Structure formats: C-alpha cells, structure tokens
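One file, input10.cif, is given below (mmCIF, N, CA and C atoms and all ligand atoms).
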```
data_final
loop_
_atom_site.label_atom_id
_atom_site.label_comp_id
_atom_site.auth_asym_id
_atom_site.auth_seq_id
_atom_site.Cartn_x
_atom_site.Cartn_y
_atom_site.Cartn_z
N MET A 1240 14.13 -9.67 -14.46
CA MET A 1240 13.72 -8.29 -14.14
C MET A 1240 13.96 -7.39 -15.35
N SER A 1241 12.99 -6.53 -15.63
CA SER A 1241 13.13 -5.66 -16.79
C SER A 1241 14.08 -4.50 -16.47
N ASP A 1242 14.49 -3.81 -17.52
CA ASP A 1242 15.36 -2.64 -17.33
C ASP A 1242 14.65 -1.58 -16.51
N LEU A 1243 13.33 -1.47 -16.74
CA LEU A 1243 12.55 -0.44 -16.07
C LEU A 1243 12.55 -0.68 -14.56
N SER A 1244 12.31 -1.94 -14.14
CA SER A 1244 12.29 -2.16 -12.69
C SER A 1244 13.68 -2.05 -12.10
N ASP A 1245 14.72 -2.31 -12.89
CA ASP A 1245 16.09 -2.06 -12.42
C ASP A 1245 16.28 -0.58 -12.13
N LEU A 1246 15.74 0.24 -13.02
CA LEU A 1246 15.87 1.68 -12.89
C LEU A 1246 15.12 2.14 -11.64
N TYR A 1247 13.91 1.64 -11.45
CA TYR A 1247 13.10 1.99 -10.28
C TYR A 1247 13.81 1.59 -9.00
N GLN A 1248 14.36 0.37 -9.02
CA GLN A 1248 15.10 -0.14 -7.87
C GLN A 1248 16.24 0.81 -7.53
N GLU A 1249 16.91 1.28 -8.56
CA GLU A 1249 18.05 2.17 -8.39
C GLU A 1249 17.63 3.48 -7.75
N VAL A 1250 16.48 4.02 -8.17
CA VAL A 1250 15.96 5.29 -7.61
C VAL A 1250 15.69 5.12 -6.11
N ILE A 1251 15.05 4.01 -5.75
CA ILE A 1251 14.71 3.77 -4.34
C ILE A 1251 15.98 3.60 -3.50
N LEU A 1252 16.91 2.82 -4.01
CA LEU A 1252 18.18 2.62 -3.28
C LEU A 1252 18.93 3.93 -3.10
N ASP A 1253 18.93 4.74 -4.14
CA ASP A 1253 19.64 6.02 -4.11
C ASP A 1253 19.01 6.96 -3.07
N HIS A 1254 17.67 7.04 -3.07
CA HIS A 1254 17.00 7.95 -2.12
C HIS A 1254 17.06 7.42 -0.69
N ASN A 1255 17.21 6.11 -0.54
CA ASN A 1255 17.38 5.55 0.80
C ASN A 1255 18.78 5.85 1.33
N ARG A 1256 19.76 5.70 0.45
CA ARG A 1256 21.15 5.96 0.86
C ARG A 1256 21.42 7.43 1.09
N ARG A 1257 20.88 8.27 0.19
CA ARG A 1257 21.13 9.71 0.28
C ARG A 1257 19.81 10.45 0.25
N PRO A 1258 19.05 10.38 1.35
CA PRO A 1258 17.73 11.03 1.34
C PRO A 1258 17.85 12.54 1.14
N ARG A 1259 16.99 13.08 0.27
CA ARG A 1259 16.98 14.52 -0.02
C ARG A 1259 16.13 15.23 1.04
N ASN A 1260 16.52 16.47 1.33
CA ASN A 1260 15.76 17.29 2.27
C ASN A 1260 15.60 16.59 3.62
N PHE A 1261 16.67 15.94 4.05
CA PHE A 1261 16.65 15.19 5.31
C PHE A 1261 17.23 16.05 6.42
N GLY A 1262 16.51 16.11 7.54
CA GLY A 1262 16.97 16.87 8.69
C GLY A 1262 15.94 17.89 9.12
N VAL A 1263 16.10 18.40 10.33
CA VAL A 1263 15.15 19.36 10.89
C VAL A 1263 15.20 20.65 10.08
N LEU A 1264 14.04 21.22 9.85
CA LEU A 1264 13.95 22.51 9.16
C LEU A 1264 13.64 23.56 10.22
N THR A 1265 14.54 24.54 10.37
CA THR A 1265 14.29 25.57 11.38
C THR A 1265 14.39 26.96 10.76
N PRO A 1266 13.48 27.85 11.06
CA PRO A 1266 12.26 27.53 11.82
C PRO A 1266 11.22 26.90 10.92
N ALA A 1267 10.48 25.95 11.42
CA ALA A 1267 9.40 25.35 10.64
C ALA A 1267 8.08 26.01 11.04
N ASP A 1268 7.28 26.32 10.02
CA ASP A 1268 5.96 26.89 10.31
C ASP A 1268 5.02 25.82 10.86
N ARG A 1269 5.17 24.64 10.30
CA ARG A 1269 4.27 23.55 10.69
C ARG A 1269 5.06 22.25 10.69
N GLN A 1270 4.61 21.31 11.49
CA GLN A 1270 5.24 19.99 11.49
C GLN A 1270 4.25 18.94 11.97
N ALA A 1271 4.54 17.70 11.63
CA ALA A 1271 3.70 16.61 12.09
C ALA A 1271 4.55 15.35 12.20
N TYR A 1272 4.12 14.47 13.06
CA TYR A 1272 4.83 13.21 13.33
C TYR A 1272 3.98 12.06 12.83
N GLY A 1273 4.61 11.11 12.15
CA GLY A 1273 3.88 9.95 11.66
C GLY A 1273 4.54 8.66 12.09
N HIS A 1274 3.73 7.63 12.30
CA HIS A 1274 4.25 6.36 12.80
C HIS A 1274 3.49 5.21 12.14
N ASN A 1275 4.22 4.26 11.62
CA ASN A 1275 3.63 3.05 11.06
C ASN A 1275 4.05 1.87 11.94
N PRO A 1276 3.22 1.51 12.92
CA PRO A 1276 3.63 0.49 13.90
C PRO A 1276 3.86 -0.89 13.28
N LEU A 1277 3.25 -1.16 12.13
CA LEU A 1277 3.42 -2.47 11.51
C LEU A 1277 4.86 -2.71 11.07
N CYS A 1278 5.52 -1.61 10.70
CA CYS A 1278 6.89 -1.74 10.20
C CYS A 1278 7.89 -1.08 11.14
N GLY A 1279 7.42 -0.10 11.91
CA GLY A 1279 8.32 0.62 12.81
C GLY A 1279 8.82 1.93 12.22
N ASP A 1280 8.24 2.35 11.09
CA ASP A 1280 8.66 3.61 10.47
C ASP A 1280 8.16 4.79 11.31
N LYS A 1281 9.07 5.75 11.53
CA LYS A 1281 8.70 6.96 12.27
C LYS A 1281 9.31 8.14 11.54
N LEU A 1282 8.53 9.18 11.33
CA LEU A 1282 9.13 10.36 10.74
C LEU A 1282 8.39 11.62 11.14
N THR A 1283 9.13 12.72 11.07
CA THR A 1283 8.54 14.04 11.28
C THR A 1283 8.72 14.81 9.98
N VAL A 1284 7.64 15.46 9.54
CA VAL A 1284 7.69 16.31 8.34
C VAL A 1284 7.62 17.76 8.79
N TYR A 1285 8.53 18.58 8.27
CA TYR A 1285 8.61 20.00 8.60
C TYR A 1285 8.28 20.82 7.36
N LEU A 1286 7.52 21.89 7.56
CA LEU A 1286 7.14 22.74 6.44
C LEU A 1286 7.46 24.20 6.72
N GLN A 1287 7.91 24.88 5.67
CA GLN A 1287 7.92 26.34 5.66
C GLN A 1287 6.94 26.75 4.59
N MET A 1288 5.96 27.53 4.98
CA MET A 1288 4.90 27.91 4.06
C MET A 1288 5.13 29.32 3.54
N ASP A 1289 4.59 29.55 2.35
CA ASP A 1289 4.59 30.88 1.76
C ASP A 1289 3.15 31.09 1.30
N GLY A 1290 2.32 31.57 2.18
CA GLY A 1290 0.89 31.63 1.87
C GLY A 1290 0.35 30.24 1.73
N GLU A 1291 -0.19 29.94 0.54
CA GLU A 1291 -0.75 28.61 0.28
C GLU A 1291 0.22 27.72 -0.49
N ALA A 1292 1.50 28.12 -0.49
CA ALA A 1292 2.50 27.32 -1.19
C ALA A 1292 3.48 26.71 -0.19
N ILE A 1293 4.03 25.56 -0.56
CA ILE A 1293 5.04 24.89 0.27
C ILE A 1293 6.40 25.41 -0.18
N ARG A 1294 6.95 26.33 0.60
CA ARG A 1294 8.24 26.92 0.20
C ARG A 1294 9.36 25.91 0.41
N ASP A 1295 9.34 25.22 1.55
CA ASP A 1295 10.38 24.22 1.81
C ASP A 1295 9.77 23.10 2.66
N VAL A 1296 10.32 21.92 2.46
CA VAL A 1296 9.83 20.75 3.20
C VAL A 1296 11.02 19.84 3.50
N HIS A 1297 11.11 19.42 4.75
CA HIS A 1297 12.15 18.49 5.19
C HIS A 1297 11.50 17.35 5.95
N PHE A 1298 12.28 16.29 6.14
CA PHE A 1298 11.81 15.23 7.02
C PHE A 1298 12.99 14.65 7.77
N GLU A 1299 12.70 14.04 8.90
CA GLU A 1299 13.71 13.26 9.60
C GLU A 1299 13.01 12.12 10.31
N GLY A 1300 13.79 11.11 10.63
CA GLY A 1300 13.20 9.97 11.30
C GLY A 1300 13.94 8.71 10.93
N SER A 1301 13.35 7.59 11.28
CA SER A 1301 13.98 6.31 10.97
C SER A 1301 12.92 5.35 10.46
N GLY A 1302 13.33 4.48 9.58
CA GLY A 1302 12.37 3.54 9.02
C GLY A 1302 13.02 2.69 7.97
N CYS A 1303 12.19 1.90 7.32
CA CYS A 1303 12.70 0.99 6.29
C CYS A 1303 13.08 1.78 5.04
N ALA A 1304 13.71 1.09 4.11
CA ALA A 1304 14.17 1.73 2.87
C ALA A 1304 13.01 2.35 2.09
N ILE A 1305 11.86 1.66 2.09
CA ILE A 1305 10.71 2.16 1.32
C ILE A 1305 10.21 3.48 1.92
N SER A 1306 10.06 3.52 3.24
CA SER A 1306 9.52 4.73 3.87
C SER A 1306 10.48 5.91 3.69
N LYS A 1307 11.76 5.63 3.81
CA LYS A 1307 12.75 6.70 3.69
C LYS A 1307 12.81 7.21 2.25
N ALA A 1308 12.85 6.30 1.31
CA ALA A 1308 12.90 6.69 -0.10
C ALA A 1308 11.62 7.43 -0.48
N SER A 1309 10.48 6.96 0.02
CA SER A 1309 9.21 7.61 -0.30
C SER A 1309 9.17 9.02 0.27
N ALA A 1310 9.65 9.19 1.50
CA ALA A 1310 9.67 10.53 2.12
C ALA A 1310 10.58 11.46 1.33
N SER A 1311 11.73 10.94 0.92
CA SER A 1311 12.68 11.75 0.15
C SER A 1311 12.08 12.17 -1.20
N LEU A 1312 11.47 11.21 -1.89
CA LEU A 1312 10.84 11.50 -3.18
C LEU A 1312 9.68 12.47 -3.02
N MET A 1313 8.94 12.33 -1.91
CA MET A 1313 7.81 13.23 -1.65
C MET A 1313 8.28 14.67 -1.49
N THR A 1314 9.37 14.86 -0.73
CA THR A 1314 9.83 16.23 -0.51
C THR A 1314 10.20 16.88 -1.85
N GLU A 1315 10.85 16.11 -2.72
CA GLU A 1315 11.21 16.66 -4.03
C GLU A 1315 9.97 16.97 -4.86
N ALA A 1316 8.94 16.11 -4.71
CA ALA A 1316 7.75 16.25 -5.55
C ALA A 1316 6.88 17.44 -5.14
N VAL A 1317 6.88 17.79 -3.85
CA VAL A 1317 5.93 18.84 -3.42
C VAL A 1317 6.59 20.19 -3.14
N LYS A 1318 7.90 20.23 -3.06
CA LYS A 1318 8.58 21.49 -2.78
C LYS A 1318 8.25 22.52 -3.85
N GLY A 1319 7.78 23.69 -3.42
CA GLY A 1319 7.46 24.74 -4.36
C GLY A 1319 6.05 24.67 -4.92
N ARG A 1320 5.34 23.62 -4.60
CA ARG A 1320 3.97 23.48 -5.11
C ARG A 1320 2.97 24.15 -4.16
N SER A 1321 1.78 24.41 -4.70
CA SER A 1321 0.71 24.90 -3.85
C SER A 1321 0.20 23.72 -3.03
N VAL A 1322 -0.45 24.03 -1.92
CA VAL A 1322 -1.04 23.00 -1.08
C VAL A 1322 -2.05 22.18 -1.90
N ALA A 1323 -2.84 22.85 -2.71
CA ALA A 1323 -3.85 22.16 -3.52
C ALA A 1323 -3.19 21.17 -4.48
N ASP A 1324 -2.10 21.59 -5.13
CA ASP A 1324 -1.39 20.70 -6.05
C ASP A 1324 -0.79 19.51 -5.32
N ALA A 1325 -0.20 19.78 -4.15
CA ALA A 1325 0.43 18.71 -3.37
C ALA A 1325 -0.61 17.69 -2.93
N MET A 1326 -1.78 18.16 -2.50
CA MET A 1326 -2.82 17.25 -2.05
C MET A 1326 -3.43 16.47 -3.22
N ALA A 1327 -3.50 17.10 -4.38
CA ALA A 1327 -4.00 16.41 -5.57
C ALA A 1327 -3.02 15.29 -5.96
N LEU A 1328 -1.72 15.59 -5.83
CA LEU A 1328 -0.70 14.58 -6.13
C LEU A 1328 -0.80 13.43 -5.13
N PHE A 1329 -1.02 13.73 -3.86
CA PHE A 1329 -1.20 12.71 -2.83
C PHE A 1329 -2.38 11.81 -3.19
N ASP A 1330 -3.50 12.41 -3.60
CA ASP A 1330 -4.67 11.61 -3.98
C ASP A 1330 -4.34 10.66 -5.12
N ARG A 1331 -3.62 11.17 -6.11
CA ARG A 1331 -3.29 10.33 -7.26
C ARG A 1331 -2.31 9.23 -6.86
N PHE A 1332 -1.36 9.58 -5.98
CA PHE A 1332 -0.38 8.59 -5.52
C PHE A 1332 -1.07 7.49 -4.72
N GLN A 1333 -2.00 7.89 -3.87
CA GLN A 1333 -2.72 6.93 -3.05
C GLN A 1333 -3.58 6.00 -3.91
N THR A 1334 -4.19 6.58 -4.94
CA THR A 1334 -4.98 5.77 -5.87
C THR A 1334 -4.08 4.78 -6.59
N LEU A 1335 -2.91 5.26 -7.02
CA LEU A 1335 -1.95 4.37 -7.67
C LEU A 1335 -1.58 3.20 -6.76
N MET A 1336 -1.32 3.48 -5.49
CA MET A 1336 -0.87 2.44 -4.57
C MET A 1336 -1.97 1.41 -4.27
N LYS A 1337 -3.22 1.79 -4.56
CA LYS A 1337 -4.34 0.87 -4.34
C LYS A 1337 -4.71 0.13 -5.62
N THR A 1338 -4.06 0.49 -6.72
CA THR A 1338 -4.37 -0.12 -8.01
C THR A 1338 -3.58 -1.41 -8.18
N ALA A 1339 -4.22 -2.39 -8.77
CA ALA A 1339 -3.56 -3.69 -8.94
C ALA A 1339 -2.24 -3.53 -9.71
N ILE A 1340 -1.28 -4.36 -9.35
CA ILE A 1340 0.08 -4.29 -9.91
C ILE A 1340 0.07 -4.47 -11.43
N GLU A 1341 -0.96 -5.14 -11.96
CA GLU A 1341 -1.03 -5.37 -13.41
C GLU A 1341 -1.20 -4.07 -14.18
N HIS A 1342 -1.75 -3.05 -13.52
CA HIS A 1342 -1.95 -1.77 -14.20
C HIS A 1342 -0.65 -0.99 -14.22
N ALA A 1343 -0.23 -0.62 -15.40
CA ALA A 1343 1.03 0.11 -15.54
C ALA A 1343 0.89 1.51 -14.95
N VAL A 1344 1.99 2.01 -14.44
CA VAL A 1344 1.99 3.36 -13.87
C VAL A 1344 2.20 4.39 -14.97
N ASP A 1345 1.50 5.52 -14.87
CA ASP A 1345 1.65 6.60 -15.84
C ASP A 1345 2.90 7.40 -15.45
N GLU A 1346 4.00 7.06 -16.11
CA GLU A 1346 5.27 7.67 -15.70
C GLU A 1346 5.34 9.16 -15.96
N ASP A 1347 4.65 9.61 -17.01
CA ASP A 1347 4.70 11.03 -17.32
C ASP A 1347 4.10 11.86 -16.20
N SER A 1348 3.02 11.36 -15.61
CA SER A 1348 2.36 12.17 -14.59
C SER A 1348 2.96 11.97 -13.20
N PHE A 1349 3.67 10.88 -12.98
CA PHE A 1349 4.22 10.65 -11.64
C PHE A 1349 5.71 10.97 -11.51
N GLY A 1350 6.41 11.07 -12.62
CA GLY A 1350 7.84 11.34 -12.54
C GLY A 1350 8.54 10.28 -11.72
N LYS A 1351 9.44 10.71 -10.85
CA LYS A 1351 10.24 9.77 -10.05
C LYS A 1351 9.39 8.97 -9.07
N LEU A 1352 8.23 9.50 -8.70
CA LEU A 1352 7.35 8.77 -7.78
C LEU A 1352 6.95 7.41 -8.36
N ALA A 1353 7.02 7.30 -9.68
CA ALA A 1353 6.67 6.04 -10.35
C ALA A 1353 7.55 4.90 -9.85
N ALA A 1354 8.73 5.25 -9.33
CA ALA A 1354 9.65 4.22 -8.83
C ALA A 1354 9.02 3.40 -7.70
N LEU A 1355 8.04 3.99 -7.01
CA LEU A 1355 7.42 3.30 -5.88
C LEU A 1355 6.28 2.38 -6.29
N ALA A 1356 5.93 2.40 -7.58
CA ALA A 1356 4.79 1.60 -8.04
C ALA A 1356 4.98 0.11 -7.77
N GLY A 1357 6.24 -0.34 -7.78
CA GLY A 1357 6.53 -1.75 -7.56
C GLY A 1357 6.19 -2.22 -6.14
N VAL A 1358 6.08 -1.26 -5.22
CA VAL A 1358 5.74 -1.60 -3.83
C VAL A 1358 4.37 -2.28 -3.75
N ARG A 1359 3.52 -2.05 -4.77
CA ARG A 1359 2.19 -2.65 -4.79
C ARG A 1359 2.24 -4.18 -4.75
N GLN A 1360 3.39 -4.75 -5.12
CA GLN A 1360 3.54 -6.21 -5.04
C GLN A 1360 3.54 -6.69 -3.60
N PHE A 1361 3.80 -5.77 -2.67
CA PHE A 1361 3.92 -6.13 -1.26
C PHE A 1361 2.94 -5.30 -0.44
N PRO A 1362 1.68 -5.77 -0.34
CA PRO A 1362 0.64 -4.96 0.30
C PRO A 1362 1.02 -4.44 1.69
N MET A 1363 1.81 -5.21 2.43
CA MET A 1363 2.22 -4.75 3.76
C MET A 1363 3.08 -3.50 3.70
N ARG A 1364 3.76 -3.32 2.58
CA ARG A 1364 4.70 -2.20 2.48
C ARG A 1364 4.08 -0.95 1.91
N VAL A 1365 2.84 -1.05 1.44
CA VAL A 1365 2.19 0.13 0.87
C VAL A 1365 2.09 1.24 1.91
N LYS A 1366 1.85 0.84 3.17
CA LYS A 1366 1.74 1.85 4.23
C LYS A 1366 3.08 2.54 4.49
N CYS A 1367 4.17 1.84 4.24
CA CYS A 1367 5.49 2.46 4.38
C CYS A 1367 5.63 3.59 3.36
N ALA A 1368 5.08 3.36 2.17
CA ALA A 1368 5.20 4.34 1.08
C ALA A 1368 4.23 5.51 1.26
N THR A 1369 3.08 5.26 1.87
CA THR A 1369 2.09 6.35 2.00
C THR A 1369 2.22 7.12 3.31
N LEU A 1370 2.92 6.55 4.31
CA LEU A 1370 3.08 7.25 5.60
C LEU A 1370 3.61 8.68 5.45
N PRO A 1371 4.67 8.90 4.67
CA PRO A 1371 5.19 10.28 4.55
C PRO A 1371 4.13 11.24 4.01
N TRP A 1372 3.27 10.75 3.13
CA TRP A 1372 2.24 11.61 2.54
C TRP A 1372 1.14 11.93 3.55
N HIS A 1373 0.75 10.92 4.33
CA HIS A 1373 -0.25 11.17 5.38
C HIS A 1373 0.31 12.18 6.39
N THR A 1374 1.60 12.06 6.66
CA THR A 1374 2.23 12.96 7.62
C THR A 1374 2.33 14.37 7.05
N LEU A 1375 2.63 14.46 5.76
CA LEU A 1375 2.63 15.77 5.09
C LEU A 1375 1.26 16.43 5.21
N LYS A 1376 0.23 15.63 4.96
CA LYS A 1376 -1.13 16.16 5.02
C LYS A 1376 -1.45 16.69 6.42
N ALA A 1377 -1.01 15.94 7.44
CA ALA A 1377 -1.24 16.36 8.82
C ALA A 1377 -0.46 17.64 9.12
N ALA A 1378 0.75 17.76 8.57
CA ALA A 1378 1.55 18.96 8.79
C ALA A 1378 0.88 20.16 8.14
N ILE A 1379 0.35 19.97 6.94
CA ILE A 1379 -0.35 21.05 6.25
C ILE A 1379 -1.56 21.49 7.07
N ALA A 1380 -2.27 20.50 7.61
CA ALA A 1380 -3.43 20.82 8.43
C ALA A 1380 -3.02 21.31 9.82
N ALA A 1381 -1.69 21.17 10.10
CA ALA A 1381 -1.14 21.61 11.38
C ALA A 1381 -1.87 20.99 12.56
N THR A 1382 -2.15 19.69 12.41
CA THR A 1382 -2.79 18.99 13.52
C THR A 1382 -1.70 18.57 14.51
N SER A 1383 -2.04 18.54 15.76
CA SER A 1383 -1.06 18.15 16.75
C SER A 1383 -1.16 16.66 17.07
N GLU A 1384 -2.20 16.01 16.55
CA GLU A 1384 -2.35 14.57 16.77
C GLU A 1384 -1.31 13.80 15.97
N PRO A 1385 -0.61 12.86 16.59
CA PRO A 1385 0.32 12.03 15.82
C PRO A 1385 -0.44 11.19 14.78
N VAL A 1386 0.21 10.97 13.64
CA VAL A 1386 -0.41 10.16 12.59
C VAL A 1386 -0.06 8.71 12.80
N LYS A 1387 -1.05 7.84 12.72
CA LYS A 1387 -0.79 6.42 12.81
C LYS A 1387 -1.46 5.73 11.64
N THR A 1388 -0.78 4.72 11.10
CA THR A 1388 -1.39 3.99 10.00
C THR A 1388 -2.36 2.97 10.54
N GLU A 1389 -2.28 2.65 11.83
CA GLU A 1389 -3.23 1.69 12.43
C GLU A 1389 -4.10 2.40 13.42
ZN ZN B 1 8.37 0.46 6.47
#
```

Represent the structure of the file as structure tokens.
Amino acid sequence: MSDLSDLYQEVILDHNRRPRNFGVLTPADRQAYGHNPLCGDKLTVYLQMDGEAIRDVHFEGSGCAISKASASLMTEAVKGRSVADAMALFDRFQTLMKTAIEHAVDEDSFGKLAALAGVRQFPMRVKCATLPWHTLKAAIAATSEPVKTE
C-alpha cells in the first residue's frame, strides 16, 4: 500500500470515529432522510439556510464506516457554500465515483473528499459514499420523500 492510500485510509477512519457536524441541528430549515437498503445505511441531513447559502449542515444516523465518513466529509465540504457550489461539487464527486479506479483523483480540486476515491475499488460501496450527497440534495430541494438508493 502506498503512503497516499495510507493517508486516505487514515482520513476515513478518523471521520468514522469522530464524525464532524454529527447530531440533530435545531432549528433546521430543511431536512431529508436517506436509506441505502443494500448496506443498511440510514441518515438524516439537516440544513440551516441563509438565502441561497448553506449556513450550517449536520447529519445523524447509523451506517457503515464509508457512509459515516462520507457524510462527515460532505458536511465539512459544503458548509458555508452556496447551493449552486454544493451541487456542482456533488456532480463532480459523483462523476469521480463512476470513473475507473485507474484514473487518479484530482486532489487539488477535491481536498479531503479525495480520501473516498479508493471506494471505487468496491462498486457495492459506492452507494454508501454517495448516499449522504443524494440526501443533501433532497434536503436542499426540501422534498418530503425519503431517499433510497434502490
Ligand atoms: Zn454502507
């Protein structure tokens, strides 16, 4: 294993052990619930909005290490961003997760999210990594329908 993947591994383990922005956000302007039945990941994303910007974002729920670390990294990545920026980042992240593992991740543009690039080796787990983002999108849209990956 290279030093780089050791570092990525460390980021995921750290965010799984000590998830950032974890817990109910009250009062939340918007929220959405997401569920990945293939793995059993469940989470709720809470948002406080400031016009078209995400002032604060929290999540809570239970799931595998990948889903929890991804949710934690997502909250750090989108907090303070405009909705448009957050959704553009989601698009790029989703494209990355669909890209073959042989393609290196652009670390400059993904920051800590690059740590999740290794999940591409395990196609079943990609949904664990993208569930928090789909749930964020649903919360932004303030849909009341639960999000399901299946
Ligand atoms: Zn999972």

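With all atoms listed in the file taken into account, the protein and nucleic acid residues at most 6.5 Å from A:Tyr1247 (excluding it and anything under 6 positions from it in its own chain) are Ala1353, Ala1354 and Leu1355 of chain A.
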
Might you pull out every residue within 8 Å of A:Leu1352, with only N, CA and C atoms counted and same-chain residues fewer than 6 positions away left off, and present them as a list in words?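 Answer for this query is Ser1309, Leu1312, Met1313, Ala1316, Phe1332 and Glu1346 of chain A.
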
For the point (0.6, 13.8, 11.3) in file coordinates, what residues are within 6.5 Å, counting all atoms listed in the file? Give the answer as number ranges by chain? A: 1270-1273, 1373-1378, 1382, 1384-1387

Using only C-alpha atoms and all ligand atoms, determine which residues fall within 9 Å of ligand ZN 1 (chain B), then list them as a PDB file with N, CA and C atoms, in the frame of the given file.
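Writing done, so here's selection27.pdb:
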```
ATOM      1  N   ASN A1275       4.220   4.260  11.620  1.00  0.00           N
ATOM      2  CA  ASN A1275       3.630   3.050  11.060  1.00  0.00           C
ATOM      3  C   ASN A1275       4.050   1.870  11.940  1.00  0.00           C
ATOM      4  N   PRO A1276       3.220   1.510  12.920  1.00  0.00           N
ATOM      5  CA  PRO A1276       3.630   0.490  13.900  1.00  0.00           C
ATOM      6  C   PRO A1276       3.860  -0.890  13.280  1.00  0.00           C
ATOM      7  N   LEU A1277       3.250  -1.160  12.130  1.00  0.00           N
ATOM      8  CA  LEU A1277       3.420  -2.470  11.510  1.00  0.00           C
ATOM      9  C   LEU A1277       4.860  -2.710  11.070  1.00  0.00           C
ATOM     10  N   CYS A1278       5.520  -1.610  10.700  1.00  0.00           N
ATOM     11  CA  CYS A1278       6.890  -1.740  10.200  1.00  0.00           C
ATOM     12  C   CYS A1278       7.890  -1.080  11.140  1.00  0.00           C
ATOM     13  N   GLY A1279       7.420  -0.100  11.910  1.00  0.00           N
ATOM     14  CA  GLY A1279       8.320   0.620  12.810  1.00  0.00           C
ATOM     15  C   GLY A1279       8.820   1.930  12.220  1.00  0.00           C
ATOM     16  N   ASP A1280       8.240   2.350  11.090  1.00  0.00           N
ATOM     17  CA  ASP A1280       8.660   3.610  10.470  1.00  0.00           C
ATOM     18  C   ASP A1280       8.160   4.790  11.310  1.00  0.00           C
ATOM     19  N   LYS A1281       9.070   5.750  11.530  1.00  0.00           N
ATOM     20  CA  LYS A1281       8.700   6.960  12.270  1.00  0.00           C
ATOM     21  C   LYS A1281       9.310   8.140  11.540  1.00  0.00           C
ATOM     22  N   GLY A1302      13.330   4.480   9.580  1.00  0.00           N
ATOM     23  CA  GLY A1302      12.370   3.540   9.020  1.00  0.00           C
ATOM     24  C   GLY A1302      13.020   2.690   7.970  1.00  0.00           C
ATOM     25  N   CYS A1303      12.190   1.900   7.320  1.00  0.00           N
ATOM     26  CA  CYS A1303      12.700   0.990   6.290  1.00  0.00           C
ATOM     27  C   CYS A1303      13.080   1.780   5.040  1.00  0.00           C
ATOM     28  N   ALA A1304      13.710   1.090   4.110  1.00  0.00           N
ATOM     29  CA  ALA A1304      14.170   1.730   2.870  1.00  0.00           C
ATOM     30  C   ALA A1304      13.010   2.350   2.090  1.00  0.00           C
ATOM     31  N   ILE A1305      11.860   1.660   2.090  1.00  0.00           N
ATOM     32  CA  ILE A1305      10.710   2.160   1.320  1.00  0.00           C
ATOM     33  C   ILE A1305      10.210   3.480   1.920  1.00  0.00           C
ATOM     34  N   SER A1306      10.060   3.520   3.240  1.00  0.00           N
ATOM     35  CA  SER A1306       9.520   4.730   3.870  1.00  0.00           C
ATOM     36  C   SER A1306      10.480   5.910   3.690  1.00  0.00           C
ATOM     37  N   LYS A1307      11.760   5.630   3.810  1.00  0.00           N
ATOM     38  CA  LYS A1307      12.750   6.700   3.690  1.00  0.00           C
ATOM     39  C   LYS A1307      12.810   7.210   2.250  1.00  0.00           C
ATOM     40  N   MET A1363       1.810  -5.210   2.430  1.00  0.00           N
ATOM     41  CA  MET A1363       2.220  -4.750   3.760  1.00  0.00           C
ATOM     42  C   MET A1363       3.080  -3.500   3.700  1.00  0.00           C
ATOM     43  N   ARG A1364       3.760  -3.320   2.580  1.00  0.00           N
ATOM     44  CA  ARG A1364       4.700  -2.200   2.480  1.00  0.00           C
ATOM     45  C   ARG A1364       4.080  -0.950   1.910  1.00  0.00           C
ATOM     46  N   VAL A1365       2.840  -1.050   1.440  1.00  0.00           N
ATOM     47  CA  VAL A1365       2.190   0.130   0.870  1.00  0.00           C
ATOM     48  C   VAL A1365       2.090   1.240   1.910  1.00  0.00           C
ATOM     49  N   LYS A1366       1.850   0.840   3.170  1.00  0.00           N
ATOM     50  CA  LYS A1366       1.740   1.850   4.230  1.00  0.00           C
ATOM     51  C   LYS A1366       3.080   2.540   4.490  1.00  0.00           C
ATOM     52  N   CYS A1367       4.170   1.840   4.240  1.00  0.00           N
ATOM     53  CA  CYS A1367       5.490   2.460   4.380  1.00  0.00           C
ATOM     54  C   CYS A1367       5.630   3.590   3.360  1.00  0.00           C
ATOM     55  N   ALA A1368       5.080   3.360   2.170  1.00  0.00           N
ATOM     56  CA  ALA A1368       5.200   4.340   1.080  1.00  0.00           C
ATOM     57  C   ALA A1368       4.230   5.510   1.260  1.00  0.00           C
ATOM     58  N   LEU A1370       2.920   6.550   4.310  1.00  0.00           N
ATOM     59  CA  LEU A1370       3.080   7.250   5.600  1.00  0.00           C
ATOM     60  C   LEU A1370       3.610   8.680   5.450  1.00  0.00           C
TER      61      LEU A1370
END
```

DSSP on the backbone: which residues in stretch 1289-1332 of chain A end up as strand (DSSP E or B)? Give the answer as a PyMOL selection string. chain A and resi 1289+1292-1301+1321

Have a look at atom CA of A:Ser1348 and atom N of A:Glu1299 and let me know their distance in Å, one decimal.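 Atom-to-atom, atom CA of A:Ser1348 and atom N of A:Glu1299 are spaced 25.7 Å apart.
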
So what do you get for atom CA of A:Asp1324 versus atom CA of A:Phe1361, distance-wise? 27.8 Å

Between atom CA of A:Gly1357 and atom CA of A:His1254, what is the spacing in Å? 15.3 Å

For A:Asp1253, the nearest of the candidates A:Ala1308, A:Leu1282, A:Arg1331, A:Glu1341, counting only N, CA and C atoms: A:Ala1308

Within 8 Å of A:Val1344, counting only N, CA and C atoms, which residues qualify if same-chain residues fewer than 5 places away don't, as a PyMOL selection string? chain A and resi 1335+1349+1353+1356
